[in-house]
Amino acid sequence: MLLRLSPGRPLGRPGQLLRLSQRRRDHLFPWLLLLPAFAITTAFLAVPLFLLVNISLREVALSTIGKILAAPFTLSNYGDVTGDPATWRSVWVSLQYVLLGTGGAFLLGLGTAILLNERLPGRRLFRTLMLVPWAIPGVTATVGFLWMLTPTFGVVNYILRSLGLISTDVNWFGDPATALLAVSVPTIWKAYPFFTVMLLAGLQSISGDLYEAAAVDGAGRPARFRWITWPGLRSYAVLALLFNAMYMFREFDFIFASTRGGPGGATETIAIRIYNEAFESFDLGTAAALGTVTFVLVSILVLPLIPRIVGKRA
Amino acid sequence: MNRMIRTGVTVAVLVALVAAGCTSGATPSPTSTAADSGSPAASTEASTGPSTPITLELPTWTAEAAGLKDWWPELIADFEAKHPGVTVELENVAFSGYVQTLTTRFAAGEPPDIVHVPLPTTTLPAWAEAGFLKPLDEQLASTDIPGQWPANQSAMTWGGKTYGVLLVGYGFVLFYDQALLDAAGVGVPTTPDELLAAAEATTSGDQFGFSVTADSSPNFIRDLLHFVTGFGAPWVKDGTWNLADPKVVEAVDVWRTLATKYAPQGTDINQKRQAYFDGKVAMMIDGPFLIAQARSSAPENVKPNLHVAQVLFPVTPGDASHGLAIPAGLDPEREALVWDFIQLAASAEWQAEYAKLVTSTVARPGADAALSADPDTAQAVDANKKAVPIVPNEYGNLRKDWADFTKFASESFHSMLIGDAATATVLSELQTRLEAEGIQP
């Protein structure tokens with residue numbers, strides 16, 4: 001359908017069907033370059049997605065994949081999942097976790113990006129060091145924070161005690177009131193470099209002339225941020241927030257390595273719940289149904305935003 | 001180009017979306033493990049003849065553990081010497097993802113040749129029920145295992161069939177720091193009352209009398225069950241929960257007092273042990289396999305003070321540590337080889353070597369006799385002889401629904417660590433909840 005004849009050429013000569021105008025070739029070439037990646041991505045996504053939905057419709061617990069796919073069809077897994085209050089509690093915990101983690105990482109990333117955009121001594125070194133958290137595996141980071149936040153011997157409580165901010169140790173991971181905040185800390189620490197990189201790129205695309213003109217007009221730092229920096233950054237920020245939020249919605253490492261969803265379900269996000277159903281309770285049908293519900297929920301939340309974001313970027 | 005940008009971003013978002021949705025069914029690590037490693041079983045089976053080289057795959061979480069990192073290679077070398085042309089490939093998998101990895105491989109029809117089963121009391125039922133493991137009763141009938149092996153071997157059974165051979169079982173022991181007890185002017189406790197008194201006497205500032213696991217892992221529940229089992233508390237009666245029994249309440253009360261008054265807060269199992277090794281905690285109850293770790297990890301000034309005694313309960317709580325099994329559906333030649341490997345690992349020679357290298361008790365009676373020469377490890381040998389499993393094999397539903405039980409139990413027991421509700425009330429409520437959820441012992 002893309003192979004149209006060049007206008008004004010007579011039909012019938014051999015090879016003419018493949019002769020395209022320069023304009024058409026320019027349009028076609030990027031698509032051809034994208035095709036292998038698109039085909040591979042589709043194959044790697046389509047098969048797991050098909051399996052996920054298929055298993056979610058089977059009346060089966062733990063078995064081999066052959067037996068699972070031979071099991072009778074049922075909708076009961078979806079009934080169990082959507083009728084279980086624990087599912088919706090997990091969704092709520094996930095939303096809080098995404099908001100906390102993404103919001104915290106964004107603010108930290110924004111601050112760091114603005115700082116690293118200034119002409120500071122050792123700026124190149126700091127830009128490199130800033131990426132370190134990104135390179136550290138999530139589980140490793142979590143173990144480090146587990147030790148720092150351990151109530152009795154941890155350095156965080158020690159500092160808070162020394163400053164007179166607490167009189168009794170805070171059981172960060174063991175108290176349902178603080179557990180979600182505690183698991184969000186390593187998440188923020190690991191995620192903020194992503195925002196820094198994205199926002200720094202945005203900052204560098206803003207012309208310095210605008211700041212000079214604003215300074216001449218007597219605009220202070222807050223005004224310059226409001227009227228120049230933020231408008232220049234907004235599309236980068238929204239895109240980064242969107243990607244990070246989706247990433248965090250399925251985040252697993254930090255929570256599993258620290259609280260495994262406890263105490264009392266305080267940190268049981270939908271991803272942790274899916275894992276527990278699949279590999280603790282060995283209920284693959286329910287786990288797959290939860291995965292499918294998650295997929296649908298994230299789609300509902302995110303897909304409407306894409307045209308707006310892309311439209312603005314374009 | 002606008003359309004290009006739009007399309008590219010849309011594709012990228014869809015990638016992230018599907019990743020979000022697919023976290024469940026097949027999390028990245030197990031899927032990639034199964035797929036990347038390929039299956040020697042699958043790849044060699046097709047071309048295997050009697051004379052072709054065979055590689056048996058053995059994934060384990062213990063390949064780099066102290067003592068075991070020596071035991072496995074020596075055992076494998078002996079096996080390979082006895083079976084020319086056969087290679088055993090040892091692969092280390094982190095314990096945190098071990099059950100997940102193997103479960104995924106079983107489900108994908110790509111099991112390893114030799115199945116190393118961790119904590120079989122609660123891990124084995126799901127695998128056996130799903131038909132992943134081969135019953136070994138026929139093979140076992142010609143060995144001394146059914147007659148000689150300890151009660152813990154029952155952890156390798158499910159539905160009346162035996163699915164493996166237990167390699168290691170143990171009785172829990174009391175670890176104590178002699179210097180801290182001496183400084184407080186108390187002796188090694190021999191009763192729960194003495195334990196509470198000693199814990200109180202040794203707790204001061206950032207030094208604590210006792211240490212428990214107080215995280216959200218299954219170790220939290222196992223730690224508490226030391227007390228329930230140790231008190232001989234009948235937490236199950238006539239096949240139903242009996243959590244409000246005064247004896248159960250008494251046992252849990254002792255644990256609660258120790259955990260809230262005399263122990264560092266919020267410690268996971270590693271932090272609990274490290275605090276003891278560092279000389280910050282006077283006592284803890286744990287498995288005897290830690291004796292070697294205490295001797296290697298503790299600071300030089302603390303090391304001589306760390307010793308072991310019998311738990312101070314009327315009953316010695318114990319557990320089945322790990323065993324070996326054969327996956328269902330293995331071809332006969334491989335199956336025979338794996339059975340040979342299991343028999344070798346369970347032989348007197350290699351069980352004794354295990355005891356020596358790991359400084360741990362083992363399943364074969366008498367094979368750990370050499371440990372009796374050391375006063376501390378001798379305590380472990382004694383404990384192993386009289387150990388009573390913290391999750392008895394006859395609690396079939398509990399073994400199968402262990403994850404669900406620990407989820408609800410964990411919530412209740414955590415509430416005892418941070419709340420004021422009476423222990424009897426919390427236990428009664430837990431029992432009601434378990435019954436309402438259909439979780440039976």
# chains A, B, ... in the order shown; residues from 1 in each chain; ligands from 1
$ residues_around --residues "Pro151 in chain A" --least-positions-apart "4" --cutoff "7 Å" --atoms "only C-alpha atoms" --output "list in words"
Asn157, Asp169, Val170, Asn171 and Trp172 of chain A; Gln265 and Gly266 of chain B
$ write_last_selection --atoms "C-alpha atoms" --output "CSV table (one decimal), in the first residue's frame"
chain,number,residue,atom,x,y,z
A,157,ASN,CA,17.5,6.9,63.8
A,169,ASP,CA,13.3,4.6,67.7
A,170,VAL,CA,11.1,4.6,64.6
A,171,ASN,CA,10.5,1.1,63.2
A,172,TRP,CA,10.6,2.3,59.6
B,265,GLN,CA,13.6,-3.6,67.0
B,266,GLY,CA,12.8,-4.4,63.4
$ interface_residues --of "chain A" --to "chain B" --cutoff "6 Å" --atoms "only C-alpha atoms" --output "PDB file with C-alpha atoms, in the first residue's frame"
ATOM      1  CA  LEU A  62       0.330 -24.715  39.637  1.00  0.00           C
ATOM      2  CA  SER A  63       1.267 -27.008  36.781  1.00  0.00           C
ATOM      3  CA  THR A  64       3.346 -27.257  33.642  1.00  0.00           C
ATOM      4  CA  ILE A  65       2.528 -24.790  30.884  1.00  0.00           C
ATOM      5  CA  PRO A 151      15.429   0.948  64.096  1.00  0.00           C
ATOM      6  CA  THR A 152      17.946   0.267  66.839  1.00  0.00           C
ATOM      7  CA  ASN A 171      10.537   1.145  63.215  1.00  0.00           C
ATOM      8  CA  GLY A 174       8.087  -2.657  60.691  1.00  0.00           C
ATOM      9  CA  ARG A 250       5.372  -2.495  38.354  1.00  0.00           C
ATOM     10  CA  THR A 259       9.123  -5.777  53.471  1.00  0.00           C
ATOM     11  CA  GLY A 262       4.214  -6.236  54.903  1.00  0.00           C
ATOM     12  CA  PRO A 263       3.686  -5.361  57.615  1.00  0.00           C
ATOM     13  CA  GLY A 264       0.009  -6.101  57.457  1.00  0.00           C
ATOM     14  CA  ILE A 274       1.005 -10.713  41.833  1.00  0.00           C
ATOM     15  CA  TYR A 275       4.308 -12.242  42.900  1.00  0.00           C
ATOM     16  CA  PHE A 279       5.194 -17.855  43.806  1.00  0.00           C
ATOM     17  CA  GLU A 280       4.021 -17.978  47.422  1.00  0.00           C
ATOM     18  CA  SER A 281       0.460 -19.255  46.997  1.00  0.00           C
ATOM     19  CA  ALA A 288      -2.254 -13.840  35.641  1.00  0.00           C
ATOM     20  CA  GLY A 291      -1.464  -8.985  35.805  1.00  0.00           C
ATOM     21  CA  THR A 292      -4.088  -8.479  33.139  1.00  0.00           C
ATOM     22  CA  THR A 294      -2.963  -4.179  36.047  1.00  0.00           C
ATOM     23  CA  PHE A 295      -2.299  -3.921  32.336  1.00  0.00           C
ATOM     24  CA  VAL A 310       3.201  13.758  21.870  1.00  0.00           C
ATOM     25  CA  ALA A 314       5.712  17.633  18.208  1.00  0.00           C
TER      26      ALA A 314
END
$ residues_around --residues "Met156 in chain B" --least-positions-apart "6" --cutoff "7 Å" --atoms "only C-alpha atoms" --output "number ranges by chain"
B: 120, 124, 162-166
$ residues_around --residues "Leu180 in chain A" --least-positions-apart "3" --cutoff "7 Å" --atoms "only C-alpha atoms" --output "list of chain:residue names"
A:Tyr97, A:Val183, A:Ser184, A:Ala266, A:Thr267
$ write_last_selection --atoms "C-alpha atoms" --output "PDB file, in the first residue's frame"
ATOM      1  CA  TYR A  97       3.815   4.376  46.175  1.00  0.00           C
ATOM      2  CA  VAL A 183      10.327   1.616  50.871  1.00  0.00           C
ATOM      3  CA  SER A 184       9.879   4.821  48.887  1.00  0.00           C
ATOM      4  CA  ALA A 266       1.019  -1.806  54.199  1.00  0.00           C
ATOM      5  CA  THR A 267       3.437  -2.081  51.273  1.00  0.00           C
TER       6      THR A 267
END
$ residues_around --residues "Arg222 in chain B" --least-positions-apart "3" --cutoff "9 Å" --atoms "only C-alpha atoms" --output "ChimeraX atom specification"
/B:213,218-219,225-226,390-391
$ select_by_dssp --residues "range 151-252 of chain A" --states "alpha helix (DSSP H)" --output "ChimeraX atom specification"
/A:155-162,179-204,208-216,221-224,230-249
$ residues_around --residues "range 75-90 of chain A" --least-positions-apart "2" --cutoff "7 Å" --atoms "only C-alpha atoms" --output "list in words"
Ser56, Leu57, Trp92, Val93, Ser94, Glu268, Thr269, Ile270, Gly285, Thr286, Ala289 and Leu290 of chain A
$ write_last_selection --atoms "C-alpha atoms" --output "short mmCIF file (atom, residue, chain, number, x, y, z; two decimals), in the first residue's frame"
data_model
loop_
_atom_site.label_atom_id
_atom_site.label_comp_id
_atom_site.auth_asym_id
_atom_site.auth_seq_id
_atom_site.Cartn_x
_atom_site.Cartn_y
_atom_site.Cartn_z
CA SER A 56 -5.77 -15.76 33.42
CA LEU A 57 -8.74 -17.49 31.79
CA TRP A 92 -4.39 2.01 46.36
CA VAL A 93 -1.00 1.15 47.88
CA SER A 94 0.48 1.13 44.37
CA GLU A 268 1.70 -4.74 49.22
CA THR A 269 1.58 -3.09 45.82
CA ILE A 270 -0.11 -4.82 42.94
CA GLY A 285 -4.52 -18.22 37.30
CA THR A 286 -5.19 -15.54 39.89
CA ALA A 289 -5.68 -12.27 36.11
CA LEU A 290 -4.13 -9.68 38.43
#
$ select_by_dssp --residues "range 192-225 of chain B" --states "strand (DSSP E or B)" --output "NGL selection string"
:B and (204 or 207-211)
$ write_last_selection --atoms "N, CA and C atoms" --output "compact mmCIF listing (two decimals), in the first residue's frame"
# COMPACT_ATOMS: atom_id res chain seq x y z
N SER B 204 20.88 -3.18 78.37
CA SER B 204 21.28 -1.88 78.90
C SER B 204 21.81 -1.01 77.77
N GLN B 207 22.90 -2.29 74.25
CA GLN B 207 23.18 -3.73 74.36
C GLN B 207 21.88 -4.42 74.76
N PHE B 208 21.63 -5.58 74.15
CA PHE B 208 20.34 -6.22 74.34
C PHE B 208 20.50 -7.66 74.83
N GLY B 209 19.46 -8.10 75.56
CA GLY B 209 19.51 -9.45 76.12
C GLY B 209 19.18 -10.53 75.13
N PHE B 210 18.34 -10.22 74.17
CA PHE B 210 17.87 -11.27 73.25
C PHE B 210 17.71 -10.66 71.86
N SER B 211 17.58 -11.53 70.85
CA SER B 211 17.42 -11.04 69.50
C SER B 211 16.43 -11.93 68.75
$ atom_distance --atom1 "CA of Asp70 in chain B" --atom2 "CA of Leu133 in chain B"
27.4 Å
$ residues_around --residues "range 104-108 of chain A" --least-positions-apart "2" --cutoff "12 Å" --atoms "only C-alpha atoms" --output "number ranges by chain"
A: 96-102, 110-115, 130, 133-134, 181, 184-199, 236-245, 248
